[in-house]
Every structure is written in C-alpha cells, then in structure tokens.
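*Asks:* I have a structure here, written as structure tokens, and I will follow up with some questions on it.
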Amino acid sequence: MTRFLFSLLALTSCFLTAQNLKSPSEFLGYELGTEFTRHHEVVDYYQYLAEQAPDMVKLTTYGQTNERRPLLLAYVSSATNMANLENIRQEHLKDTEGSGNSSAAIVWLSYNVHGNESVSTEASMQTIYELLTSKRSYLDNTVVIMDPCINPDGRDRYSNWYNQYKNTPHQLDPNSKEHNEGWWSGRSNHYMFDLNRDWAWLTQVESQQRIKVYNEWLPHVHVDFHEQGVNEPYYFAPAAEPYHEVITDFQRDFQVTLGKNHAKYFDAEGWFYFTKEIFDLFYPSYGDTYPTYNGAIGMTYEQGGSGHAGLGVITGIGDTLTLKDRIAHHHTTGLSTIEVSHQNAERLNQEFKKFYQNKNFKYKSYVLNGDSDKIEALKQLLSKHKIKYGSPTVSSVKGYNYQTGGSGSMAISQNSLVVSTNQSKGTLVKVLFEPNAKLSDSLTYDITAWSLPYAYGLNGIASTSLVTSQAQNPAVNSGALDANSYAYISNWNSMKDAKFLAALLKAGIRVRKADHPFSVEGKSFARGSLIITKGDNQNNADFFSQLTKISREFSQELTASSTGYVDSGKDFGSAYVQMISKPKIAVLSGEPTSTLRFGEIWHFFEQQLEYPITVIDSEYADQVDLKDYDILILPSGGYGNHFNEAQLTKLKDWVSAGGKLIAMGGAIDGIDGEKGFGIKKKEAAKDSTKNKPKPHKNAQREQIKNAITGAIFKARVDNSHPLAYGYGTEYFTLKLGSAGYDYLKYGNAAYLEGESPKQVSGFAGSEALKKVANSLIFGVENRGEGAVVYMVDNPLFRGFWENGKLFFANALFMVD
C-alpha cells in the first residue's frame with residue numbers, strides 16, 4: 001500500500017510539473033520560429049526545464065567550444081527511469097559483451113552540427129517540451145539523449161549575422177542580403193571544420209569531447225538533424241546506396257520502419273519528402289555512419305532551408321518556406337523517431353546485442369609497423385574510440401600487404417601494433433582498417449577511401465588469422481642530456497619532430513638541418529635530421545635548460561655528439577648543414593579561398609604545429625607589403641582569374657627576391673602556365689566515346705567517369721629533395737579530384753608514375769585516371785632567390801591524413 005501511494009504521489013507530482021512548464025515561446029518571450037534563438041538563450045531554456053522537472057530531465061555540460069560556449073546534453077525519461085539512469089546505462093553496455101539484460105531503448109538526437117542549418121536547435125526545444133508534456137508516454141521505456149547544438153560557435157555566427165542583416169520585417173526575396181551569407185558562413189566551427197565529417201577522425205575539440213560521452217552510451221538510435229537547399233523537400237530514412245557491407249539487415253530494415261512512420265505524419269499534412277536518394281551510408285566519419293558502425297540505427301534527416309532560408313523565403317516554385325515550417329518538420333521526425341523506438345524497445349535491445357557478437361570478417365587482425373611517433377599517434381586515436389590494441393606475440397605475420405597490394409609477410413618489431421576485430425569495437429575496426437572498402441555503388445556522397453594504415457604512413461598486414469597480442473609496455477624516457485656535448489641530433493620523421501622544431505625556433509634556439517645522410521660516433525642519420533649545436537647557441541644563456549625542457553615536453557629522443565666531425569656525410573660546419581630560419585608566415589583568407597581548406601591550415605598551425613601565422617584577408621591583401629613575410633600560403637579554392645596582372649607581377653617579384661609561395665590545390669590554377677609560374681595543367685585526354693549519343697538516364701554515371709571521389713594512390717617519392725625529407729621512396733596520397741599537372745623540369749618530390757595509374761583504394765573514373773597519369777603530387781619550382789611549392793593533393797585534408805603533414809612541415813622549414 002505504501003509503495004502504491006508513493007507511486008501515485010510521484011505521478012501526481014510529474015503531472016503538475018508538466019502542467020506548469022512553459023513552452024519555448026512562453027519562456028523566450030517570442031513565438032518560436034519568429035526569431036533565431038542565440039545559444040545562451042537555448043541553454044537558459046534547457047536549464048529552466050531541468051530545474052522545473054528534475055525528476056525527468058538531467059542536464060550536463062560535456063565540454064566547451066574554442067570560443068568558450070558550453071556543449072550540453074539533456075537526458076530525458078520517465079521519473080522511474082531517471083532515478084535508475086546509471087543502472088540502465090551499465091546494463092545497456094553489458095549488451096556489447098553479450099551479458100546484458102537491458103529493456104530500455106536509448107535514442108540520441110543531435111542538432112545543429114552545421115551552424116547555419118539552424119532550424120534543428122529551434123525544433124529541439126519544442127521536441128523536449130512535448131516529451132515532458134503531451135508525449136510523456138514515449139518515455140516509459142525510452143531514454144532520450146538530446147544534444148541541442150553540436151556547433152554553438154557556428155550557430156551563433158549565423159544567428160548574429162542574420163540578426164544584423166535581415167530586413168524588418170524579414171524579406172522573402174532570395175536575392176536580399178539576409179539570404180546570402182558571406183565567405184565565412186555559419187556552417188563550420190571556429191576553425192572552419194565541418195564537424196559532420198569529424199566523427200571518426202576527432203580533430204576538433206567538439207568531436208573529442210562528444211565522443212567520450214557517446215561511447216559511454218552507444219545508443220540504439222542516433223539522428224543527425226540537417227538542412228539542405230531551399231528548394232529541396234524533406235529527406236529521411238531509408239538511406240541511399242551504397243550501404244557499407246557491415247551494415248546489418250536489421251539496421252537496413254529498421255530504417256524502413258522509421259521512414260514509413262515519418263511518411264504517415266507527412267502524408268497527413270501534405271508535406272513533400274524523399275527517401276533512398278543522395279545520402280548514403282559509407283564514409284565512416286558522419287553523424288549517421290559512425291553511430292551505425294557502433295551498432296546504432298544511424299540516420300540523417302534533411303530539411304530544406306539552410307543559411308539561405310532565414311525566417312522565410314520564396315522557393316523556386318513560388319511557395320513560401322518559413323522557419324515555422326522547418327521547425328514543424330524536424331519536430332515531427334524527432335518525435336516519430338522516439339515513438340517508433342518506444343514501440344520497438346525489445347527488438348532494438350535484441351539486435352544491438354547481436355551486432356556486438358563476434359563476426360566472421362575476412363581479416364581478423366591488422367598488424368602495423370613503422371615510425372614510433374606515427375604508431376603513437378594512431379594509438380591515441382584508437383584509445384579515443386575505445387578500440388583495443390596490443391603488441392603481437394609472434395615473430396612475423398602473413399596476409400594482405402598494404403604496401404604492395406598483394407600477399408606478403410612482415411617481421412615484427414618492438415614498435416609493432418596489432419588491432420583485432422575480435423573485440424566489441426570489431427566492426428568499427430574493420431571499417432577503419434580494411435584495405436579497400438567494398439562499394440555497392442560508385443555514386444557516393446563523399447570520399448571512398450580512408451584506410452588508417454595509409455593515412456598514418458604505416459606498413460601493414462591484414463591477416464585472415466587472429467594474431468595473438470599482449471598489452472604494450474609504456475615507452476621509457478631517455479636519460480639526461482650531457483651539457484658538455486658539442487651537438488644534439490634529432491631524427492626528422494613525423495609531426496612530433498616538426499612540433500619539436502617549431503618549439504625550438506619559438507624559444508630562440510638555433511637549429512640546423514642535414515641535407516645529406518651522415519653518421520657520427522657510430523650512429524647513422526637520414527636527410528632532414530635536426531642538429532642543435534652548442535656553438536650556434538653560445539649567446540643564449542638558457543640554451544641547455546630550454547633544450548632539456550622542450551625535449552622532455554615532446555618526449556623527444558636526442559643523440560648527443562661530442563664532435564662535429566662525421567664518420568660519413570657532411571661535417572656540421574658544411575654548407576650542406578644549413579641553419580633553419582625562423583620564418584614569418586602569412587596565409588591568405590577570404591575569397592577566393594575555400595573556408596574548409598583555409599580552416600585546415602589555420603588549425604594545423606594553432607592546434608597541431610603550434611606556430612604563429614598572420615592571416616591576411618583578400619579584401620586588403622593588395623595593401624600588404626609581402627617583404628614583411630618569408631612565406632605566403634595560398635589555400636585551395638576557386639581562384640580562376642582571381643589574380644590580375646599587377647598582382648601576379650607582385651607575387652613573382654616577391655618570390656624572386658627570396659619569398660616562398662606555397663600554392664595548394666585550386667590555388668595552383670590561379671598562378672599556372674602563362675600567368676607567370678612554371679607549372680602547367682595536363683591536357684585532357686581525348687574521350688573516344690565523346691561524340692556518341694548517350695541515354696539521358698545515364699548522364700550522372702557518365703559524368704562520374706571524370707571524377708575521383710577520394711581515392712588512394714601510390715606515389716613515387718624523391719626523398720633526396722628537401723620537400724620529401726623524412727619519407728621513404730613511396731607515399732600513399734589521398735586524391736580528391738582529377739586535376740593533373742605536368743612534371744616540373746626539376747623539383748618533383750612526389751608524383752604519379754606511368755600512363756595507367758591505378759588506385760589502391762576507393763573509386764576513380766576511367767577518364768579521370770587518364771588525366772592524372774604521369775602527374776605531379778608535390779614539387780618545388782626555384783625562382784630567383786625564392787621558391788614556389790606546389791601541393792596538388794591536400795596533405796592536411798580534414799586534419800586526418802597524418803602521413804601528409806610532414807610534407808607541409810618540410811615546405812615550411814626544409815625547403816630553402
């Protein structure tokens with residue numbers, strides 16, 4: 001009887017709380033959909049709900065952005081479930097080991113990953129309000145986790161911009177300023193990264209903080225709310241092909257179940273929608289695919305609008321699309337998702353447990369060898385994903401050899417790493433490590449290759465056998481340095497070495513580089529090795545203490561030498577052992593650069609290399625005296641004829657006088673050929689079928705013959721060139737397009753060789769392969785006292801192609 005009375009009182013309390021809750025419109029003081037709500041106001045509303053309904057809402061801050069905005073999660077469920085929340089989480093996670101007995105459905109809703117796709121955060125407030133009021137029955141067996149805004153920096157950038165430029169009342173004409181953002185739109189985060197492509201690579205602070213909590217829950221269902229073009233109807237599941245082969249039949253079928261439920265509500269309102277088109281489930285770093293590869297029903301929902309829609313806009317067919325319309329659509333699919341999950345909680349739990357049972361993948365283990373710094377960088381990524389790894393206990397392994405593309409064997413070294421699919425995260429391991437992901441359809445939404453051994457520059461074997469392993473021993477720090485040594489030598493193999501050099505230069509320590517291999521006192525060193533002599537730094541009273549501190553900070557192993565007289569190679573006083581300058585670096589921003597490509601450079605310098613740069617916007621670049629800078633970086637973008645004759649002359653004169661120009665991707669088009677620099681675009685090969693009539697229905701597939709959608713190619717490397725110091729004779733490059741450039745007369749550091757290049761992973765169209773035959777990847781053109789560095793492929797792509805970053809560091813510090 002006492003228990004009954006307690007339950008009755010609890011239900012009465014919940015009912016009264018629900019009756020008294022303010023709606024978003026009541027709380028904010030304006031009707032939802034008539035204004036864009038700033039992030040702090042969204043936070044205020046969620047805090048209000050947590051305070052008013054503490055038995056049904058738990059609000060946590062899981063981190064903050066680069067601009068110090070809070071990142072929130074709201075846990076919403078029945079009072080009974082909320083009182084037992086931690087036990088529900090733990091029992092659910094036991095299902096990944098096959099021992100759980102969970103009964104609750106876990107649904108995670110992620111809003112506003114793209115800042116100017118702003119409607120979803122607005123919809124989230126209405127969704128949580130109705131969950132606590134009219135839709136409370138969904139919560140009896142369901143825990144809903146809501147992230148109201150994954151990208152607060154981008155959202156506030158858009159909201160503030162719109163509030164600044166909108167007409168009063170708002171203007172429906174799509175040509176009005178309020179519908180046309182500038183160069184830096186609200187889509188990206190602070191560093192201009194696309195957070196929806198960072199789930200697997202975790203380069204950004206938002207992703208790094210979010211994934212910690214995500215892996216503590218591993219929900220059954222995850223929805224990523226988006227917007228697309230103004231004229232597009234609503235998109236929801238099921239997704240388009242290609243589906244990755246690891247996606248289960250249940251994951252496919254449940255997408256259909258959800259889609260049909262959404263359609264029921266949309267049909268009743270006469271709303272237009274589409275399914276099974278455009279948005280596939282392949283590339284692993286999306287907000288739908290990453291959850292899918294971790295056992296969830298991962299989905300993208302796309303509402304027409306984005307940054308062009310504002311509070312209202314006239315569409316291409318003359319209809320008016322309002323923010324209220326957009327809110328209604330996202331709000332409907334959000335609640336529909338929770339409803340279906342609530343109705344299928346038992347099945348979701350059963351199938352989630354099945355997903356985590358050991359699967360019979362072709363490759364059971366991936367064994368990796370290579371530079372210890374690169375191995376360590378990969379281990380850090382794996383740890384963030386809670387992927388287990390260890391040291392192999394065998395002396396050699398056989399299987400698919402990543403370097404050769406065929407069967408082979410590899411000896412085990414002390415640095416070797418083994419990652420097995422025989423673990424709870426085995427499906428994710430297969431997806432991230434497989435040599436060449438199987439494509440069911442060549443028409444994809446994103447890149448088609450990403451295999452981590454290639455991305456991290458490691459030798460690898462994919463073994464069909466389970467390779468036994470043991471826990472790795474932590475690295476042992478080297479002993480203390482001898483203060484009386486003549487010089488200290490560091491290898492040059494990785495980004496950690498580049499960060500070490502950057503720290504030395506910032507501290508005022510003078511450093512030399514070896515342009516030839518050498519040996520001294522019985523030890524051998526490769527080109528690019530750093531040489532730090534006491535003589536060069538004799539006027540620095542803190543030299544030794546600074547060197548010791550910095551080397552410890554970066555766990556850098558230094559070899560002390562008592563002499564500058566080498567056993568072989570060039571002595572330390574040779575002209576081939578030159579001082580590395582401390583360059584003053586500028587990077588161009590604004591039109592015509594790509595925000596994403598600029599952001600990758602910005603993030604590289606500030607968060608990876610930790611070296612200062614000056615950002616020069618194209619709006620005032622003509623007024624800047626380039627003589628104040630040693631290096632100018634041109635990020636990729638749509639340059640075309642951006643530079644006029646006077647600007648090109650200014651660039652050429654600056655380079656000839658000793659400047660270093662780094663032109664990346666599309667920036668090369670702005671300076672190539674007749675415009676004054678030596679690089680030339682390859683002439684397109686003639687298509688023998690060009691004049692034959694082709695069916696209209698095949699137009700898209702005909703076009704893709706000319707495309708390379710993020711495929712990996714094996715390039716040749718001239719590692720005697722300073723741009724390639726620290727590399728072997730091969731480099732696996734991620735090629736994102738079919739632009740091809742002829743070899744330079746001299747200075748070809750990395751290039752594709754042969755008339756018939758073949759990708760080792762990913763999709764490349766037949767005509768595109770002809771365009772990149774015998775083409776440059778990275779090279780240097782010497783001009784007067786200066787140089788132009790060409791980077792046709794992007795070594796900094798999305799911050800995850802680790803093995804390309806040393807090429808960029810070489811361009812900064814090694815190329816004279």
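Just remember, in the structure tokens the first chain shown is A, the second B, etc., residues are 1-based per chain, and ligands are 1-based in the order shown.
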Determine which residues of range 432-462 of chain A DSSP labels as strand (DSSP E) from the backbone of this structure, then write them out as a PDB file with N, CA, C and O atoms, in the first residue's frame.
*Replies:*
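Now in out15.pdb:
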```pdb
ATOM      1  N   ASN A 459      53.482   0.657 -42.455  1.00  0.00           N
ATOM      2  CA  ASN A 459      53.475  -0.615 -43.152  1.00  0.00           C
ATOM      3  C   ASN A 459      52.478  -1.520 -42.450  1.00  0.00           C
ATOM      4  O   ASN A 459      52.405  -1.538 -41.216  1.00  0.00           O
ATOM      5  N   GLY A 460      51.706  -2.271 -43.209  1.00  0.00           N
ATOM      6  CA  GLY A 460      50.668  -3.065 -42.576  1.00  0.00           C
ATOM      7  C   GLY A 460      50.423  -4.391 -43.254  1.00  0.00           C
ATOM      8  O   GLY A 460      50.650  -4.554 -44.452  1.00  0.00           O
ATOM      9  N   ILE A 461      49.949  -5.326 -42.450  1.00  0.00           N
ATOM     10  CA  ILE A 461      49.491  -6.622 -42.934  1.00  0.00           C
ATOM     11  C   ILE A 461      48.080  -6.843 -42.402  1.00  0.00           C
ATOM     12  O   ILE A 461      47.829  -6.716 -41.194  1.00  0.00           O
ATOM     13  N   ALA A 462      47.162  -7.152 -43.294  1.00  0.00           N
ATOM     14  CA  ALA A 462      45.820  -7.561 -42.894  1.00  0.00           C
ATOM     15  C   ALA A 462      45.800  -9.078 -42.913  1.00  0.00           C
ATOM     16  O   ALA A 462      45.944  -9.698 -43.966  1.00  0.00           O
TER      17      ALA A 462
END
```
*Asks:* What's around range 320-324 of chain A at 10 Å? Count only C-alpha atoms, leave out sequence neighbours fewer than 2 positions away in its own chain, and write the answer as number ranges by chain.
*Replies:* A: 31-36, 118-119, 122-123, 172-173, 230-231, 304-305, 309-318, 326-329
*Asks:* Could you write out the selected residues, including C-alpha atoms, as an mmCIF file, in the first residue's frame?
*Replies:*
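Wrote out09.cif, looks like this:
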```cif
data_model
loop_
_atom_site.group_PDB
_atom_site.id
_atom_site.type_symbol
_atom_site.label_atom_id
_atom_site.label_comp_id
_atom_site.auth_asym_id
_atom_site.auth_seq_id
_atom_site.Cartn_x
_atom_site.Cartn_y
_atom_site.Cartn_z
ATOM 1 C CA GLU A 31 6.760 32.830 -30.784
ATOM 2 C CA LEU A 32 9.126 30.017 -31.727
ATOM 3 C CA GLY A 33 10.041 30.438 -35.385
ATOM 4 C CA THR A 34 9.803 34.231 -35.456
ATOM 5 C CA GLU A 35 13.389 34.787 -34.276
ATOM 6 C CA PHE A 36 16.653 32.847 -34.259
ATOM 7 C CA SER A 118 19.832 26.470 -37.651
ATOM 8 C CA VAL A 119 16.289 25.173 -37.537
ATOM 9 C CA GLU A 122 14.802 25.548 -32.513
ATOM 10 C CA ALA A 123 12.970 22.259 -33.132
ATOM 11 C CA LEU A 172 11.174 36.858 -48.624
ATOM 12 C CA ASP A 173 13.112 37.760 -51.780
ATOM 13 C CA VAL A 230 15.906 25.816 -50.099
ATOM 14 C CA ASN A 231 14.115 24.061 -52.953
ATOM 15 C CA GLY A 304 15.152 22.319 -46.995
ATOM 16 C CA GLY A 305 16.428 25.741 -45.988
ATOM 17 C CA ALA A 309 16.140 30.471 -45.840
ATOM 18 C CA GLY A 310 16.228 32.920 -42.920
ATOM 19 C CA LEU A 311 12.851 33.473 -41.275
ATOM 20 C CA GLY A 312 11.139 32.982 -44.612
ATOM 21 C CA VAL A 313 11.982 32.798 -48.304
ATOM 22 C CA ILE A 314 10.293 32.346 -51.675
ATOM 23 C CA THR A 315 11.257 28.979 -53.171
ATOM 24 C CA GLY A 316 11.934 28.196 -56.807
ATOM 25 C CA ILE A 317 8.318 27.198 -57.439
ATOM 26 C CA GLY A 318 6.942 30.313 -55.786
ATOM 27 C CA ARG A 326 11.081 23.958 -40.962
ATOM 28 C CA ILE A 327 10.633 23.597 -37.197
ATOM 29 C CA ALA A 328 7.434 21.608 -37.684
ATOM 30 C CA HIS A 329 9.125 19.106 -39.989
#
```
*Asks:* Given only C-alpha atoms as the basis, pick out the residue of A:Tyr111, A:Tyr445, A:Phe525, A:Phe808 nearest to Asp224 in chain A.
*Replies:* A:Tyr111
*Asks:* Determine, counting only C-alpha atoms, which protein, DNA and RNA residues have an atom within 12 Å of an atom of Asp280 in chain A; residues of the same chain fewer than 3 positions away are not included. Present the result as number ranges by chain.
*Replies:* A: 235-244, 247, 252, 275-277, 283-284, 286-289, 292, 298-300, 439-448
*Asks:* Run DSSP on the backbone of this structure and report the residues of range 504-609 of chain A it assigns to alpha helix (DSSP H), as a list in words.
*Replies:*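 Those residues are Leu504, Leu505, Lys506, Phe543, Phe544, Ser545, Gln546, Leu547, Thr548, Lys549, Ile550, Ser551, Arg552, Glu553, Thr595, Leu596, Arg597, Phe598, Gly599, Glu600, Ile601, Trp602 and His603 of chain A.
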*Asks:* If you count only C-alpha atoms, which residues fall within 6 Å of Val418 in chain A, apart from same-chain ones fewer than 4 positions away, as a compact mmCIF listing (two decimals) with all heavy atoms, in the first residue's frame?
*Replies:*
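This went into selection-v3.txt:
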```
# COMPACT_ATOMS: atom_id res chain seq x y z
N TYR A 366 44.90 -6.70 -37.86
CA TYR A 366 45.69 -5.75 -38.65
C TYR A 366 46.97 -5.47 -37.86
O TYR A 366 46.91 -5.02 -36.71
CB TYR A 366 44.90 -4.47 -38.89
CG TYR A 366 43.61 -4.71 -39.64
CD1 TYR A 366 42.42 -4.93 -38.95
CD2 TYR A 366 43.58 -4.75 -41.03
CE1 TYR A 366 41.24 -5.17 -39.62
CE2 TYR A 366 42.40 -4.99 -41.71
CZ TYR A 366 41.23 -5.20 -41.01
OH TYR A 366 40.06 -5.46 -41.70
N VAL A 367 48.11 -5.77 -38.48
CA VAL A 367 49.40 -5.62 -37.81
C VAL A 367 50.17 -4.50 -38.50
O VAL A 367 50.27 -4.49 -39.73
CB VAL A 367 50.21 -6.93 -37.83
CG1 VAL A 367 51.49 -6.78 -37.03
CG2 VAL A 367 49.37 -8.08 -37.27
N TYR A 389 44.10 -2.49 -28.52
CA TYR A 389 45.27 -2.84 -29.34
C TYR A 389 46.33 -3.43 -28.44
O TYR A 389 46.24 -3.37 -27.20
CB TYR A 389 45.81 -1.62 -30.09
CG TYR A 389 46.09 -0.43 -29.18
CD1 TYR A 389 47.30 -0.34 -28.47
CD2 TYR A 389 45.17 0.60 -29.00
CE1 TYR A 389 47.56 0.73 -27.62
CE2 TYR A 389 45.41 1.66 -28.16
CZ TYR A 389 46.61 1.72 -27.48
OH TYR A 389 46.87 2.78 -26.64
N GLY A 390 47.36 -3.99 -29.05
CA GLY A 390 48.43 -4.57 -28.25
C GLY A 390 49.66 -4.85 -29.07
O GLY A 390 49.75 -4.47 -30.25
N SER A 391 50.64 -5.51 -28.46
CA SER A 391 51.87 -5.92 -29.14
C SER A 391 51.74 -7.36 -29.58
O SER A 391 51.36 -8.23 -28.77
CB SER A 391 53.07 -5.78 -28.21
OG SER A 391 53.29 -4.44 -27.85
N PRO A 392 52.02 -7.67 -30.84
CA PRO A 392 51.92 -9.07 -31.29
C PRO A 392 52.93 -9.95 -30.58
O PRO A 392 54.04 -9.51 -30.27
CB PRO A 392 52.20 -8.98 -32.79
CG PRO A 392 52.84 -7.66 -33.02
CD PRO A 392 52.41 -6.76 -31.92
```
*Asks:* Contacts of range 137-139 of chain A at 8 Å or less, counting only C-alpha atoms, minus same-chain residues fewer than 4 places along, as a ChimeraX atom specification?
*Replies:* /A:76-78,131,143-144,338-339,342
*Asks:* Save out the residues we just selected, N, CA and C atoms, as a compact mmCIF listing (two decimals), in the first residue's frame.
*Replies:*
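Written out: part_22.txt:
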```txt
# COMPACT_ATOMS: atom_id res chain seq x y z
N VAL A 76 16.45 12.72 -20.95
CA VAL A 76 15.02 12.87 -20.72
C VAL A 76 14.39 11.48 -20.66
N SER A 77 13.65 11.20 -19.59
CA SER A 77 12.94 9.94 -19.49
C SER A 77 11.92 10.04 -18.37
N SER A 78 11.24 8.94 -18.11
CA SER A 78 10.28 8.91 -17.01
C SER A 78 11.01 9.07 -15.69
N LEU A 131 7.93 16.17 -25.10
CA LEU A 131 8.27 14.92 -24.42
C LEU A 131 7.91 14.99 -22.93
N VAL A 143 14.99 6.15 -23.00
CA VAL A 143 15.83 7.24 -22.54
C VAL A 143 16.24 8.05 -23.77
N VAL A 144 15.90 9.32 -23.76
CA VAL A 144 16.24 10.20 -24.88
C VAL A 144 17.39 11.11 -24.46
N ILE A 338 11.32 8.79 -31.77
CA ILE A 338 11.19 8.34 -30.38
C ILE A 338 9.99 7.39 -30.25
N GLU A 339 8.91 7.71 -30.94
CA GLU A 339 7.72 6.86 -30.89
C GLU A 339 8.03 5.45 -31.38
N HIS A 342 10.30 3.62 -28.97
CA HIS A 342 9.50 3.23 -27.80
C HIS A 342 8.69 1.96 -28.10
```
*Asks:* Which residues come within 7 Å of Thr614 in chain A, counting only C-alpha atoms, excluding same-chain residues fewer than 3 positions away, as a PDB file with N, CA and C atoms, in the first residue's frame?
*Replies:*
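Just written: selection39.pdb:
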```
ATOM      1  N   ILE A 585      55.265  33.765 -41.332  1.00  0.00           N
ATOM      2  CA  ILE A 585      54.365  33.104 -42.275  1.00  0.00           C
ATOM      3  C   ILE A 585      53.030  33.836 -42.352  1.00  0.00           C
ATOM      4  N   ALA A 586      52.545  34.013 -43.581  1.00  0.00           N
ATOM      5  CA  ALA A 586      51.219  34.585 -43.813  1.00  0.00           C
ATOM      6  C   ALA A 586      50.391  33.601 -44.612  1.00  0.00           C
ATOM      7  N   VAL A 587      49.084  33.614 -44.387  1.00  0.00           N
ATOM      8  CA  VAL A 587      48.164  32.766 -45.149  1.00  0.00           C
ATOM      9  C   VAL A 587      47.005  33.632 -45.630  1.00  0.00           C
TER      10      VAL A 587
END
```
*Asks:* Nearest residue to Gly508 in chain A out of A:Glu434, A:Asp617, A:Asp536, A:Asp253, using only C-alpha atoms?
*Replies:*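 The closest residue to Gly508 in chain A is A:Asp536.
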*Asks:* Excluding range 260-268 of chain A and any residue of its chain fewer than 5 positions from it, enumerate the residues within 8 Å of it, using only C-alpha atoms, and give them as a list of chain:residue names.
*Replies:*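 Final neighbour list, sorted by chain and number: A:Phe236, A:Tyr273, A:Thr332, A:Thr333, A:Ser336, A:Thr337, A:Val340.
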*Asks:* Take the residues from that selection and write them out as a PDB file, in the first residue's frame, keeping N, CA, C and O atoms.
*Replies:*
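Output file again_16.pdb follows:
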```pdb
ATOM      1  N   PHE A 236      14.317  11.803 -45.291  1.00  0.00           N
ATOM      2  CA  PHE A 236      14.532  10.942 -44.124  1.00  0.00           C
ATOM      3  C   PHE A 236      14.806   9.520 -44.598  1.00  0.00           C
ATOM      4  O   PHE A 236      14.749   9.221 -45.796  1.00  0.00           O
ATOM      5  N   TYR A 273       8.445  14.885 -49.326  1.00  0.00           N
ATOM      6  CA  TYR A 273       9.644  14.257 -48.763  1.00  0.00           C
ATOM      7  C   TYR A 273      10.213  13.292 -49.803  1.00  0.00           C
ATOM      8  O   TYR A 273       9.557  12.952 -50.797  1.00  0.00           O
ATOM      9  N   THR A 332       8.529  16.940 -36.047  1.00  0.00           N
ATOM     10  CA  THR A 332       7.713  15.761 -36.348  1.00  0.00           C
ATOM     11  C   THR A 332       8.567  14.506 -36.463  1.00  0.00           C
ATOM     12  O   THR A 332       8.231  13.463 -35.888  1.00  0.00           O
ATOM     13  N   THR A 333       9.670  14.570 -37.205  1.00  0.00           N
ATOM     14  CA  THR A 333      10.504  13.366 -37.360  1.00  0.00           C
ATOM     15  C   THR A 333      11.207  13.004 -36.052  1.00  0.00           C
ATOM     16  O   THR A 333      11.432  11.820 -35.771  1.00  0.00           O
ATOM     17  N   SER A 336       8.582  11.267 -34.024  1.00  0.00           N
ATOM     18  CA  SER A 336       8.270  10.000 -34.682  1.00  0.00           C
ATOM     19  C   SER A 336       9.364   8.968 -34.431  1.00  0.00           C
ATOM     20  O   SER A 336       9.078   7.781 -34.220  1.00  0.00           O
ATOM     21  N   THR A 337      10.604   9.411 -34.418  1.00  0.00           N
ATOM     22  CA  THR A 337      11.727   8.512 -34.133  1.00  0.00           C
ATOM     23  C   THR A 337      11.619   7.931 -32.728  1.00  0.00           C
ATOM     24  O   THR A 337      11.818   6.731 -32.513  1.00  0.00           O
ATOM     25  N   VAL A 340       8.665   5.336 -32.524  1.00  0.00           N
ATOM     26  CA  VAL A 340       8.973   4.019 -33.088  1.00  0.00           C
ATOM     27  C   VAL A 340       9.964   3.267 -32.202  1.00  0.00           C
ATOM     28  O   VAL A 340       9.839   2.048 -32.009  1.00  0.00           O
TER      29      VAL A 340
END
```
*Asks:* Considering only C-alpha atoms, can you say which of A:Lys362, A:His179, A:Lys660, A:Lys513 comes closest to Gly229 in chain A?
*Replies:*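 Smallest separation from Gly229 in chain A among the options: A:His179.
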*Asks:* Could you state the separation of CA of Lys22 in chain A and CA of Asn116 in chain A in Å, given to one decimal place?
*Replies:*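 Result for CA of Lys22 in chain A versus CA of Asn116 in chain A: 26.7 Å, one decimal.
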*Asks:* Return the single residue from A:Ala345, A:Ile150, A:Val221, A:Ile88 that is closest to Leu73 in chain A, with distances computed using only C-alpha atoms.
*Replies:*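 Result for the nearest residue to Leu73 in chain A: A:Ile150.
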*Asks:* Which of these residues is nearest to Ala74 in chain A, using only C-alpha atoms: A:Ala768, A:Met146, A:Leu378, A:Val113?
*Replies:*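 Checking each candidate against Ala74 in chain A, we get A:Met146 as the closest.
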